[in-house]
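*Asks:* File structure-v8.txt follows (compact mmCIF, C-alpha atoms):
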# COMPACT_ATOMS: atom_id res chain seq x y z
CA MET R 22 9.89 18.06 -53.20
CA GLU R 23 6.63 19.88 -52.88
CA GLY R 24 7.09 22.67 -55.33
CA PHE R 25 7.72 20.34 -58.27
CA ARG R 26 5.35 17.41 -57.78
CA GLY R 27 2.67 16.56 -60.26
CA PRO R 28 -0.41 14.48 -59.53
CA HIS R 29 -0.37 12.51 -56.27
CA PRO R 30 -0.19 8.71 -56.51
CA PRO R 31 -3.29 6.67 -55.77
CA ALA R 32 -4.25 5.92 -52.19
CA GLY R 33 -2.42 3.02 -50.69
CA VAL R 34 0.54 3.29 -53.05
CA PRO R 35 3.73 4.45 -51.32
CA GLU R 36 5.05 7.71 -52.67
CA PRO R 37 8.34 7.07 -54.46
CA ALA R 38 11.36 9.25 -53.86
CA VAL R 39 12.79 11.70 -56.35
CA SER R 40 14.85 9.65 -58.76
CA LEU R 41 17.40 10.25 -61.45
CA CYS R 42 16.95 8.26 -64.63
CA ASN R 43 19.33 8.57 -67.58
CA GLY R 44 20.80 11.77 -66.14
CA ARG R 45 17.42 13.53 -65.94
CA LEU R 46 15.48 14.25 -62.77
CA ASN R 47 12.00 12.75 -62.65
CA LEU R 48 9.85 15.18 -60.74
CA ASP R 49 6.41 13.59 -60.96
CA GLY R 50 7.22 10.81 -58.49
CA TYR R 51 6.46 7.87 -60.76
CA GLY R 52 9.78 7.25 -62.47
CA ASN R 53 10.75 7.79 -66.07
CA ARG R 54 8.54 5.43 -68.00
CA GLY R 55 9.72 6.63 -71.39
CA SER R 56 7.70 6.66 -74.57
CA SER R 57 5.73 3.78 -75.98
CA PHE R 58 7.23 4.54 -79.39
CA PRO R 59 10.90 3.54 -79.50
CA GLY R 60 11.70 5.71 -82.51
CA LEU R 61 10.12 8.85 -81.09
CA LYS R 62 12.46 11.27 -79.30
CA LYS R 63 10.98 12.90 -76.26
CA ARG R 64 10.72 16.67 -76.43
CA GLY R 65 13.34 18.42 -74.32
CA HIS R 66 15.40 15.25 -73.91
CA ALA R 67 18.28 16.73 -75.87
CA LEU R 68 18.53 19.72 -73.55
CA GLY R 69 21.38 19.43 -71.11
CA ASN R 70 20.73 19.07 -67.40
CA ARG R 71 22.43 21.28 -64.86
CA SER R 72 23.01 21.03 -61.17
CA TRP R 73 20.81 23.30 -59.06
CA ILE R 74 20.42 23.90 -55.33
CA LYS R 75 16.89 24.22 -54.02
CA ILE R 76 16.42 26.13 -50.74
CA ASP R 77 12.95 26.16 -49.20
CA GLN R 78 11.43 28.44 -46.58
CA ASP R 79 12.60 26.23 -43.71
CA GLY R 80 16.25 26.55 -44.73
CA ASN R 81 16.54 23.03 -46.15
CA SER R 82 18.70 22.65 -49.25
CA LYS R 83 18.77 19.93 -51.89
CA ILE R 84 20.98 19.42 -54.91
CA LEU R 85 18.91 18.60 -58.00
CA GLU R 86 19.53 17.87 -61.65
CA LEU R 87 17.07 19.91 -63.68
CA ASP R 88 16.69 20.71 -67.34
CA LYS R 89 15.47 23.95 -68.85
CA VAL R 90 12.00 22.69 -69.70
CA THR R 91 11.27 21.66 -66.13
CA ILE R 92 12.39 25.00 -64.72
CA MET R 93 10.47 26.92 -67.37
CA ARG R 94 7.26 25.07 -66.55
CA HIS R 95 7.66 25.33 -62.80
CA CYS R 96 8.62 29.01 -62.66
CA SER R 97 6.68 30.18 -65.76
CA LEU R 98 9.81 31.65 -67.31
CA PRO R 99 10.69 32.12 -70.98
CA SER R 100 13.82 30.51 -72.34
CA ARG R 101 15.57 33.87 -72.80
CA ASP R 102 15.51 34.40 -69.02
CA LEU R 103 17.24 31.07 -68.45
CA ARG R 104 19.92 32.04 -70.95
CA LEU R 105 20.83 34.87 -68.59
CA LEU R 106 21.74 32.24 -66.01
CA ASP R 107 23.83 30.15 -68.37
CA PRO R 108 27.45 30.17 -67.11
CA LEU R 109 28.73 29.55 -70.64
CA PHE R 110 27.63 33.03 -71.69
CA ILE R 111 28.66 36.38 -70.28
CA TYR R 112 25.71 38.65 -69.61
CA PRO R 113 25.60 41.88 -67.60
CA SER R 114 24.18 41.88 -64.09
CA THR R 115 20.41 41.53 -64.29
CA ILE R 116 17.45 41.47 -61.91
CA LEU R 117 14.16 40.64 -63.64
CA GLY R 118 10.72 40.45 -62.06
CA ARG R 119 8.37 37.92 -63.65
CA GLU R 120 4.89 36.61 -62.89
CA LYS R 121 5.96 33.87 -60.48
CA ALA R 122 9.70 34.39 -60.03
CA ILE R 123 12.58 36.82 -59.83
CA VAL R 124 15.53 36.05 -62.10
CA VAL R 125 18.79 37.22 -60.53
CA SER R 126 22.19 37.18 -62.20
CA LEU R 127 24.68 39.14 -60.12
CA GLU R 128 28.34 38.26 -60.54
CA GLN R 129 28.68 34.54 -59.72
CA ILE R 130 25.28 34.25 -58.01
CA ARG R 131 22.70 33.07 -60.54
CA CYS R 132 19.37 32.02 -59.12
CA ILE R 133 15.60 31.99 -59.53
CA ILE R 134 13.63 33.27 -56.56
CA THR R 135 9.99 32.31 -56.09
CA ALA R 136 7.56 33.04 -53.29
CA ASP R 137 8.56 29.95 -51.30
CA GLU R 138 11.91 28.69 -52.62
CA VAL R 139 15.20 29.64 -54.23
CA ILE R 140 16.64 27.64 -57.12
CA LEU R 141 20.36 28.44 -57.10
CA MET R 142 22.74 27.34 -59.82
CA ASN R 143 25.24 24.99 -58.24
CA SER R 144 28.86 26.07 -58.44
CA LEU R 145 32.12 25.77 -56.50
CA ASP R 146 32.50 29.53 -56.39
CA VAL R 147 32.97 31.03 -52.93
CA CYS R 148 30.00 33.39 -53.34
CA VAL R 149 27.62 30.56 -54.24
CA VAL R 150 28.72 28.39 -51.32
CA ARG R 151 28.51 31.32 -48.96
CA TYR R 152 25.07 32.26 -50.24
CA MET R 153 23.70 28.78 -49.68
CA SER R 154 25.13 28.39 -46.18
CA GLU R 155 24.28 31.92 -45.06
CA PHE R 156 20.71 31.85 -46.41
CA CYS R 157 19.97 28.46 -44.86
CA LYS R 158 21.40 29.67 -41.58
CA ARG R 159 19.27 32.81 -41.59
CA LEU R 160 16.10 30.94 -42.45
CA GLN R 161 16.66 28.36 -39.72
CA THR R 162 17.57 31.03 -37.17
CA ASN R 163 14.61 33.29 -37.93
CA ARG R 164 12.12 30.48 -38.33
CA GLU R 165 10.33 31.28 -35.06
CA GLN R 166 10.86 35.01 -35.26
CA ALA R 167 8.52 37.34 -37.09
CA ASP R 168 10.14 38.93 -40.11
CA ASP R 169 8.59 41.87 -41.91
CA LEU R 170 10.27 41.05 -45.21
CA PRO R 171 8.73 38.31 -47.37
CA PHE R 172 10.76 35.32 -48.45
CA GLU R 173 11.69 36.64 -51.90
CA PHE R 174 12.95 39.94 -50.48
CA ARG R 175 15.15 38.15 -47.95
CA ALA R 176 16.64 36.04 -50.73
CA LEU R 177 17.18 39.11 -52.91
CA GLU R 178 18.68 41.01 -49.98
CA LEU R 179 21.31 38.33 -49.37
CA THR R 180 22.15 38.30 -53.08
CA LEU R 181 22.72 42.05 -53.12
CA GLU R 182 24.62 41.91 -49.83
CA LEU R 183 27.07 39.25 -51.01
CA THR R 184 27.51 40.94 -54.38
CA CYS R 185 28.23 44.35 -52.87
CA THR R 186 30.50 42.83 -50.23
CA SER R 187 32.44 40.83 -52.82
CA LEU R 188 32.92 43.83 -55.11
CA ASP R 189 33.95 46.06 -52.22
CA ALA R 190 36.49 43.47 -51.04
CA GLN R 191 37.96 43.27 -54.54
CA VAL R 192 38.22 47.07 -54.65
CA LYS R 193 40.04 47.16 -51.31
CA GLU R 194 42.42 44.44 -52.48
CA LEU R 195 43.09 46.39 -55.66
CA GLU R 196 43.77 49.55 -53.66
CA LEU R 197 46.43 47.74 -51.64
CA GLU R 198 48.24 46.91 -54.88
CA VAL R 199 47.69 50.09 -56.86
CA TYR R 200 48.79 52.79 -54.43
CA PRO R 201 52.26 51.32 -53.66
CA ALA R 202 52.80 50.57 -57.35
CA LEU R 203 51.97 54.14 -58.33
CA ASP R 204 54.21 55.60 -55.64
CA GLU R 205 57.06 53.39 -56.78
CA LEU R 206 56.48 54.37 -60.39
CA ALA R 207 56.49 58.06 -59.51
CA THR R 208 59.86 57.55 -57.79
CA SER R 209 61.47 55.33 -60.40
CA ILE R 210 60.20 55.31 -63.97
CA ASN R 211 61.28 52.07 -65.59
CA THR R 212 59.81 49.35 -67.79
CA LEU R 213 59.02 46.97 -64.92
CA ASN R 214 57.00 49.52 -62.97
CA LEU R 215 55.22 50.72 -66.09
CA GLU R 216 54.17 47.16 -66.98
CA ARG R 217 52.94 46.54 -63.45
CA VAL R 218 50.82 49.70 -63.44
CA ARG R 219 49.45 48.87 -66.88
CA ARG R 220 48.28 45.46 -65.65
CA LEU R 221 46.65 46.95 -62.55
CA LYS R 222 44.92 49.59 -64.65
CA GLY R 223 43.41 46.84 -66.80
CA HIS R 224 42.05 45.14 -63.68
CA LEU R 225 40.68 48.47 -62.50
CA LEU R 226 38.78 49.08 -65.74
CA ALA R 227 37.29 45.57 -65.71
CA LEU R 228 36.21 45.91 -62.09
CA THR R 229 34.74 49.35 -62.76
CA GLN R 230 32.58 47.94 -65.54
CA ARG R 231 31.27 45.18 -63.27
CA VAL R 232 30.45 47.61 -60.48
CA GLN R 233 28.84 49.99 -62.96
CA LYS R 234 26.53 47.24 -64.25
CA VAL R 235 25.32 46.37 -60.75
CA HIS R 236 24.93 50.08 -59.96
CA ASP R 237 22.87 50.72 -63.10
CA GLU R 238 20.65 47.67 -62.52
CA ILE R 239 19.76 48.72 -58.97
CA GLU R 240 19.19 52.30 -60.10
CA HIS R 241 16.92 51.09 -62.91
CA LEU R 242 14.80 49.11 -60.45
CA MET R 243 14.51 52.06 -58.08
CA ASP R 244 13.37 54.33 -60.91
CA ASP R 245 10.63 51.95 -62.07
CA ASP R 246 7.79 51.38 -59.60
CA GLY R 247 6.23 48.81 -61.90
CA ASP R 248 9.29 46.58 -61.79
CA MET R 249 9.43 46.81 -58.02
CA ALA R 250 5.73 45.99 -57.73
CA GLU R 251 6.28 43.00 -60.02
CA MET R 252 8.62 41.49 -57.45
CA HIS R 253 5.99 41.17 -54.70
CA LEU R 254 5.63 37.46 -55.31
CA THR R 255 4.14 36.66 -51.91
CA LYS R 256 1.33 39.17 -52.31
CA LYS R 257 0.61 37.96 -55.82
CA LYS R 258 0.54 34.39 -54.57
CA GLN R 259 -1.85 35.31 -51.77
CA ARG R 260 -4.06 37.13 -54.26
CA LEU R 261 -4.18 34.10 -56.53
CA GLU R 262 -5.02 31.84 -53.60
CA ALA R 263 -7.79 34.22 -52.59
CA TYR R 264 -9.19 34.09 -56.12
CA ALA R 265 -9.08 30.30 -56.07
CA LEU R 266 -10.80 30.10 -52.68
CA GLY R 267 -13.44 32.55 -53.87
CA ASP R 268 -14.15 30.42 -56.92
CA ILE R 269 -14.49 27.31 -54.77
CA TYR R 270 -16.75 29.16 -52.38
CA PHE R 271 -18.94 30.40 -55.22
CA GLN R 272 -19.25 26.90 -56.62
CA ASN R 273 -20.05 25.22 -53.29
CA ASP R 274 -22.26 27.91 -51.75
CA ILE R 275 -25.40 27.06 -53.76
CA PRO R 276 -28.48 26.10 -51.63
CA ALA R 277 -30.20 22.85 -52.55
CA GLU R 278 -33.65 24.42 -52.55
CA THR R 279 -32.63 26.80 -55.33
CA ARG R 280 -32.18 23.89 -57.74
CA VAL R 281 -35.54 23.36 -59.54
CA VAL R 282 -36.34 21.21 -62.51
CA SER R 283 -38.09 22.72 -65.51
CA LYS R 284 -41.33 21.03 -66.43
CA SER R 285 -40.99 21.84 -70.10
CA ALA R 286 -37.61 20.11 -70.34
CA PRO R 287 -37.41 17.27 -67.81
CA GLY R 288 -33.93 16.25 -68.89
CA SER R 289 -32.42 19.76 -68.48
CA PRO R 290 -32.09 20.96 -64.90
CA VAL R 291 -32.35 24.70 -64.53
CA ARG R 292 -30.81 26.50 -61.58
CA SER R 293 -31.82 29.86 -60.28
CA ILE R 294 -29.03 32.38 -60.49
CA SER R 295 -27.94 33.48 -57.04
CA GLY R 296 -25.85 36.51 -56.10
CA ALA R 297 -22.77 34.37 -55.74
CA GLN R 298 -23.23 32.98 -59.24
CA LYS R 299 -23.58 36.49 -60.62
CA LEU R 300 -20.33 37.48 -58.96
CA GLN R 301 -18.67 34.37 -60.29
CA ARG R 302 -19.97 35.09 -63.78
CA ALA R 303 -18.62 38.62 -63.47
CA PHE R 304 -15.18 37.20 -62.71
CA SER R 305 -15.44 34.74 -65.61
CA ASN R 306 -16.49 37.47 -68.04
CA THR R 307 -13.46 39.60 -67.21
CA SER R 308 -11.29 40.13 -70.28
CA PRO R 309 -8.06 38.08 -70.38
CA SER R 310 -5.88 41.17 -70.57
CA LYS R 311 -7.36 42.64 -67.40
CA HIS R 312 -7.22 39.32 -65.60
CA GLY R 313 -3.61 38.83 -66.66
CA SER R 314 -2.67 42.29 -65.52
CA LEU R 315 -4.15 41.56 -62.10
CA MET R 316 -2.17 38.36 -61.86
CA SER R 317 1.11 39.63 -63.24
CA SER R 318 1.46 43.08 -61.69
CA SER R 319 0.30 45.08 -58.72
CA SER R 320 -1.64 48.29 -58.80
CA ASN R 321 0.08 51.65 -58.56
CA GLY R 322 -1.15 52.12 -55.03
CA GLU R 323 0.52 48.97 -53.74
CA ASN R 324 3.11 49.43 -51.06
CA ILE R 325 6.63 49.17 -52.51
CA ASP R 326 8.41 50.96 -49.70
CA GLU R 327 9.98 47.75 -48.36
CA LEU R 328 11.72 46.88 -51.59
CA GLU R 329 12.60 50.50 -52.29
CA MET R 330 14.33 50.91 -48.92
CA LEU R 331 16.10 47.59 -49.44
CA LEU R 332 17.39 48.61 -52.86
CA GLU R 333 18.30 52.08 -51.62
CA ALA R 334 20.52 50.65 -48.86
CA TYR R 335 22.55 48.56 -51.27
CA PHE R 336 22.52 51.32 -53.87
CA VAL R 337 24.36 53.48 -51.35
CA ALA R 338 26.82 50.64 -50.74
CA ILE R 339 27.54 50.02 -54.42
CA ASP R 340 27.72 53.78 -55.04
CA ASN R 341 30.38 54.02 -52.33
CA THR R 342 32.32 51.22 -54.00
CA GLN R 343 32.04 53.00 -57.33
CA SER R 344 33.31 56.21 -55.72
CA LYS R 345 36.40 54.33 -54.49
CA LEU R 346 37.07 53.14 -58.02
CA PHE R 347 36.68 56.65 -59.41
CA THR R 348 39.06 57.97 -56.76
CA LEU R 349 41.54 55.25 -57.65
CA LYS R 350 41.24 56.07 -61.33
CA GLU R 351 41.81 59.76 -60.62
CA TYR R 352 44.92 58.88 -58.63
CA ILE R 353 46.20 56.84 -61.56
CA ASP R 354 45.47 59.74 -63.93
CA ASP R 355 47.29 62.16 -61.62
CA THR R 356 50.27 59.82 -61.47
CA GLU R 357 50.29 59.56 -65.26
CA ASP R 358 50.22 63.34 -65.51
CA LEU R 359 53.12 63.57 -63.06
CA ILE R 360 55.09 61.03 -65.07
CA ASN R 361 54.38 62.89 -68.29
CA ILE R 362 55.57 66.11 -66.65
CA LYS R 363 58.76 64.43 -65.52
CA LEU R 364 59.35 62.93 -68.94
CA GLY R 365 58.66 66.30 -70.54
CA ASN R 366 61.15 67.92 -68.19
CA VAL R 367 63.81 65.36 -69.09
CA GLN R 368 63.05 65.89 -72.75
CA ASN R 369 63.47 69.64 -72.33
CA GLN R 370 66.80 69.14 -70.61
CA LEU R 371 67.94 66.96 -73.50
CA ILE R 372 66.90 69.63 -75.98
CA GLN R 373 68.81 72.27 -74.01
CA PHE R 374 71.88 70.09 -73.93
CA GLU R 375 71.51 69.50 -77.65
CA LEU R 376 71.40 73.25 -78.25
CA LEU R 377 74.58 73.71 -76.24
CA LEU R 378 76.33 71.00 -78.24
CA THR R 379 75.11 72.49 -81.50
CA ALA R 380 76.38 75.95 -80.57
CA ALA R 381 79.73 74.54 -79.46
CA THR R 382 79.99 72.52 -82.67
CA PHE R 383 79.26 75.62 -84.74
CA VAL R 384 81.95 77.63 -82.94
CA ALA R 385 84.48 74.81 -83.22
CA THR R 386 83.72 74.53 -86.92
CA ILE R 387 84.56 78.21 -87.42
CA PHE R 388 87.84 77.72 -85.59
CA ALA R 389 88.62 74.63 -87.70
CA VAL R 390 87.86 76.55 -90.91
CA VAL R 391 90.30 79.34 -90.03
CA THR R 392 93.03 76.90 -89.10
CA GLY R 393 92.33 74.89 -92.22
CA ILE R 394 92.75 77.94 -94.40
CA PHE R 395 96.16 78.67 -92.96
CA GLY R 396 97.08 75.07 -93.47
CA MET R 397 96.78 75.42 -97.23
CA ASN R 398 99.91 75.46 -99.38
CA PHE R 399 99.76 78.96 -100.84
CA VAL R 400 102.05 81.97 -100.82
CA ALA R 401 101.12 84.92 -98.51
CA SER R 402 103.10 87.69 -96.83
CA ILE R 403 101.67 86.79 -93.46
CA PHE R 404 103.70 83.59 -93.42
CA ASP R 405 106.87 85.69 -93.34
CA LEU R 406 106.13 86.76 -89.77
CA PRO R 407 107.08 84.05 -87.23
CA SER R 408 104.37 84.95 -84.68
CA ALA R 409 101.61 85.70 -87.18
CA PHE R 410 100.02 82.25 -87.00
CA ASN R 411 99.94 82.35 -83.18
CA TRP R 412 98.12 85.64 -83.23
CA VAL R 413 95.62 84.24 -85.75
CA LEU R 414 94.89 81.31 -83.43
CA ILE R 415 94.52 83.59 -80.40
CA ILE R 416 92.21 86.02 -82.15
CA THR R 417 90.13 83.22 -83.72
CA GLY R 418 89.80 81.42 -80.37
CA LEU R 419 88.69 84.58 -78.57
CA ALA R 420 86.19 85.29 -81.33
CA CYS R 421 84.78 81.78 -81.08
CA VAL R 422 84.46 82.02 -77.30
CA PHE R 423 82.74 85.38 -77.64
CA LEU R 424 80.38 83.92 -80.23
CA TYR R 425 79.57 80.94 -77.99
CA PHE R 426 78.67 83.15 -75.03
CA SER R 427 76.63 85.29 -77.36
CA PHE R 428 74.58 82.20 -78.21
CA LEU R 429 74.09 81.49 -74.50
CA PHE R 430 73.00 85.07 -73.84
CA TYR R 431 70.57 84.87 -76.75
CA PHE R 432 69.09 81.61 -75.45
CA ARG R 433 68.66 83.14 -72.00
CA TYR R 434 67.11 86.24 -73.48
CA LYS R 435 64.59 84.14 -75.45
CA LYS R 436 63.97 82.05 -72.29
CA VAL R 437 65.05 78.87 -74.00
CA PHE R 438 67.12 78.11 -70.92
CA PRO R 439 65.82 78.64 -67.39
CA SER R 440 67.38 81.58 -65.62
Could you quickly redo this structure as structure tokens?

*Replies:*
Amino acid sequence: MEGFRGPHPPAGVPEPAVSLCNGRLNLDGYGNRGSSFPGLKKRGHALGNRSWIKIDQDGNSKILELDKVTIMRHCSLPSRDLRLLDPLFIYPSTILGREKAIVVSLEQIRCIITADEVILMNSLDVCVVRYMSEFCKRLQTNREQADDLPFEFRALELTLELTCTSLDAQVKELELEVYPALDELATSINTLNLERVRRLKGHLLALTQRVQKVHDEIEHLMDDDGDMAEMHLTKKKQRLEAYALGDIYFQNDIPAETRVVSKSAPGSPVRSISGAQKLQRAFSNTSPSKHGSLMSSSSNGENIDELEMLLEAYFVAIDNTQSKLFTLKEYIDDTEDLINIKLGNVQNQLIQFELLLTAATFVATIFAVVTGIFGMNFVASIFDLPSAFNWVLIITGLACVFLYFSFLFYFRYKKVFPS
């Protein structure tokens, strides 16, 4: 593999294939010779290897076993960026532009994009398999066709496309479950339907958070021109190659007749300083901070319209997906409000019925008190009349009925009961 090779073997020696030795990929082409000191542990040997998929510009893919140190050296990445790609940890969706690579962690797609290759973390997830097959297919199909987008933008575009498509498909699948469940709950409020809606609402909140993270990451990139300029890996690579060719040209473009030997110091050749050497010395005297800024980032006037239009297209897509989730959440909130209204109405009906029972109980208690008094064993002249007790019962009953309807009229007057 070209992007990882070290020094080339001597002439006449066949170039060995990439080999695995003790679970670690040997990328220099010479095999793992180990250390001459048996008690000395090699640095980085304890770091675990992971399976990666390398996709080059021609659409060829290879499965490799790489450790963190090898990837850090090849892509010039700090260890904290590789931790974002670790599947054992849960990190929010991230797109980072570095000096020689773009670190992408969107949903299940975790990869490192350089100017001429993609190092994709191997996984059995459907998105990863689809990304590998689709990207290889596009590269092989468009190999002879001119494409305006550089390699890293095409790789980033497919990552955003699959992420947005996957999230939108999950939202549509959730909609097919939520709307019937809410309609059924609005019709019949029971424990089973409430538990089902509660579970779907939990899925909705989790999916909303995932979509929100992708939405915020794309929006952050669109708001920062420096981050977008940092992702022009092809232009930065071409600039570095131009600097290297210029240095070689300055070193080789020195006429032989300009080289004179000083008579005062025969052993010290003195060269006349040409214009090319002055320009080379000007480059060498440039401060490290300025030179690093030229290598690591583009100027403000650099064209970032390609990446901005690319991000804007998928920002609209993920914003549409987020709008669907918000609409779904509003529908759930409206259903909850409707259920609360229904439950409040039932509770009001129970309170009204309780008031009726209380009034009836009060009236019946008065009637029972009167009859209880006449049931006492005491002497009174009223007991001498045979029909006196019947008249007492009739009068007491009519009074109780009148009192009960008085309560009802009072409740209607105070609008406790609907008219």

*Asks:* Please report the interatomic distance between CA of Glu155 (chain R) and CA of Tyr335 (chain R) in Å with one decimal.

*Replies:*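 It comes out at 17.8 Å.
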
*Asks:* Pick the closest to Val149 (chain R) from R:Arg217, R:Arg131, R:Lys258, R:Lys363: which is it, counting only C-alpha atoms?

*Replies:* R:Arg131

*Asks:* Quote the spacing between CA of Gln161 (chain R) and CA of Val147 (chain R) in Å to one decimal place.

*Replies:*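 Atom-to-atom, CA of Gln161 (chain R) and CA of Val147 (chain R) are spaced 21.2 Å apart.
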
*Asks:* Excluding Val391 (chain R) and residues on its chain fewer than 6 positions from it, collect all residues at most 9 Å away from it, counting only C-alpha atoms, and give them as a list in words.

*Replies:*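 With the cut-off at 9 Å, the set is Val413, Leu414 and Thr417 of chain R.
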
*Asks:* Excluding region 348-359 of chain R and any residue of its chain fewer than 5 positions from it, enumerate the residues within 10 Å of it, using only C-alpha atoms, and give them as a PDB file with C-alpha atoms, keeping the file's coordinate frame.

*Replies:*
ATOM      1  CA  VAL R 192      38.220  47.070 -54.650  1.00  0.00           C
ATOM      2  CA  LEU R 195      43.090  46.390 -55.660  1.00  0.00           C
ATOM      3  CA  GLU R 196      43.770  49.550 -53.660  1.00  0.00           C
ATOM      4  CA  VAL R 199      47.690  50.090 -56.860  1.00  0.00           C
ATOM      5  CA  TYR R 200      48.790  52.790 -54.430  1.00  0.00           C
ATOM      6  CA  LEU R 203      51.970  54.140 -58.330  1.00  0.00           C
ATOM      7  CA  ASP R 204      54.210  55.600 -55.640  1.00  0.00           C
ATOM      8  CA  LEU R 206      56.480  54.370 -60.390  1.00  0.00           C
ATOM      9  CA  ALA R 207      56.490  58.060 -59.510  1.00  0.00           C
ATOM     10  CA  VAL R 218      50.820  49.700 -63.440  1.00  0.00           C
ATOM     11  CA  LEU R 221      46.650  46.950 -62.550  1.00  0.00           C
ATOM     12  CA  LYS R 222      44.920  49.590 -64.650  1.00  0.00           C
ATOM     13  CA  LEU R 225      40.680  48.470 -62.500  1.00  0.00           C
ATOM     14  CA  LEU R 226      38.780  49.080 -65.740  1.00  0.00           C
ATOM     15  CA  THR R 229      34.740  49.350 -62.760  1.00  0.00           C
ATOM     16  CA  THR R 342      32.320  51.220 -54.000  1.00  0.00           C
ATOM     17  CA  GLN R 343      32.040  53.000 -57.330  1.00  0.00           C
ATOM     18  CA  LEU R 364      59.350  62.930 -68.940  1.00  0.00           C
ATOM     19  CA  GLY R 365      58.660  66.300 -70.540  1.00  0.00           C
TER      20      GLY R 365
END

*Asks:* CA of Ile130 (chain R) to CA of Leu197 (chain R): how many Å, to one decimal?

*Replies:* 25.9 Å

*Asks:* Name the residues in contact with Leu331 (chain R) at a cut-off of 10 Å, using all atoms listed in the file, excluding same-chain residues fewer than 4 positions from it; report them as a list in words.

*Replies:*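 That gives Leu170, Phe174, Arg175, Leu177, Glu178, Leu181, Met243, Asp326, Glu327, Tyr335 and Phe336 of chain R.
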
*Asks:* Would you write out those residues with C-alpha atoms, as a compact mmCIF listing (two decimals), keeping the file's coordinate frame?

*Replies:*
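And here's out-v4.txt as it stands now:
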# COMPACT_ATOMS: atom_id res chain seq x y z
CA LEU R 170 10.27 41.05 -45.21
CA PHE R 174 12.95 39.94 -50.48
CA ARG R 175 15.15 38.15 -47.95
CA LEU R 177 17.18 39.11 -52.91
CA GLU R 178 18.68 41.01 -49.98
CA LEU R 181 22.72 42.05 -53.12
CA MET R 243 14.51 52.06 -58.08
CA ASP R 326 8.41 50.96 -49.70
CA GLU R 327 9.98 47.75 -48.36
CA TYR R 335 22.55 48.56 -51.27
CA PHE R 336 22.52 51.32 -53.87
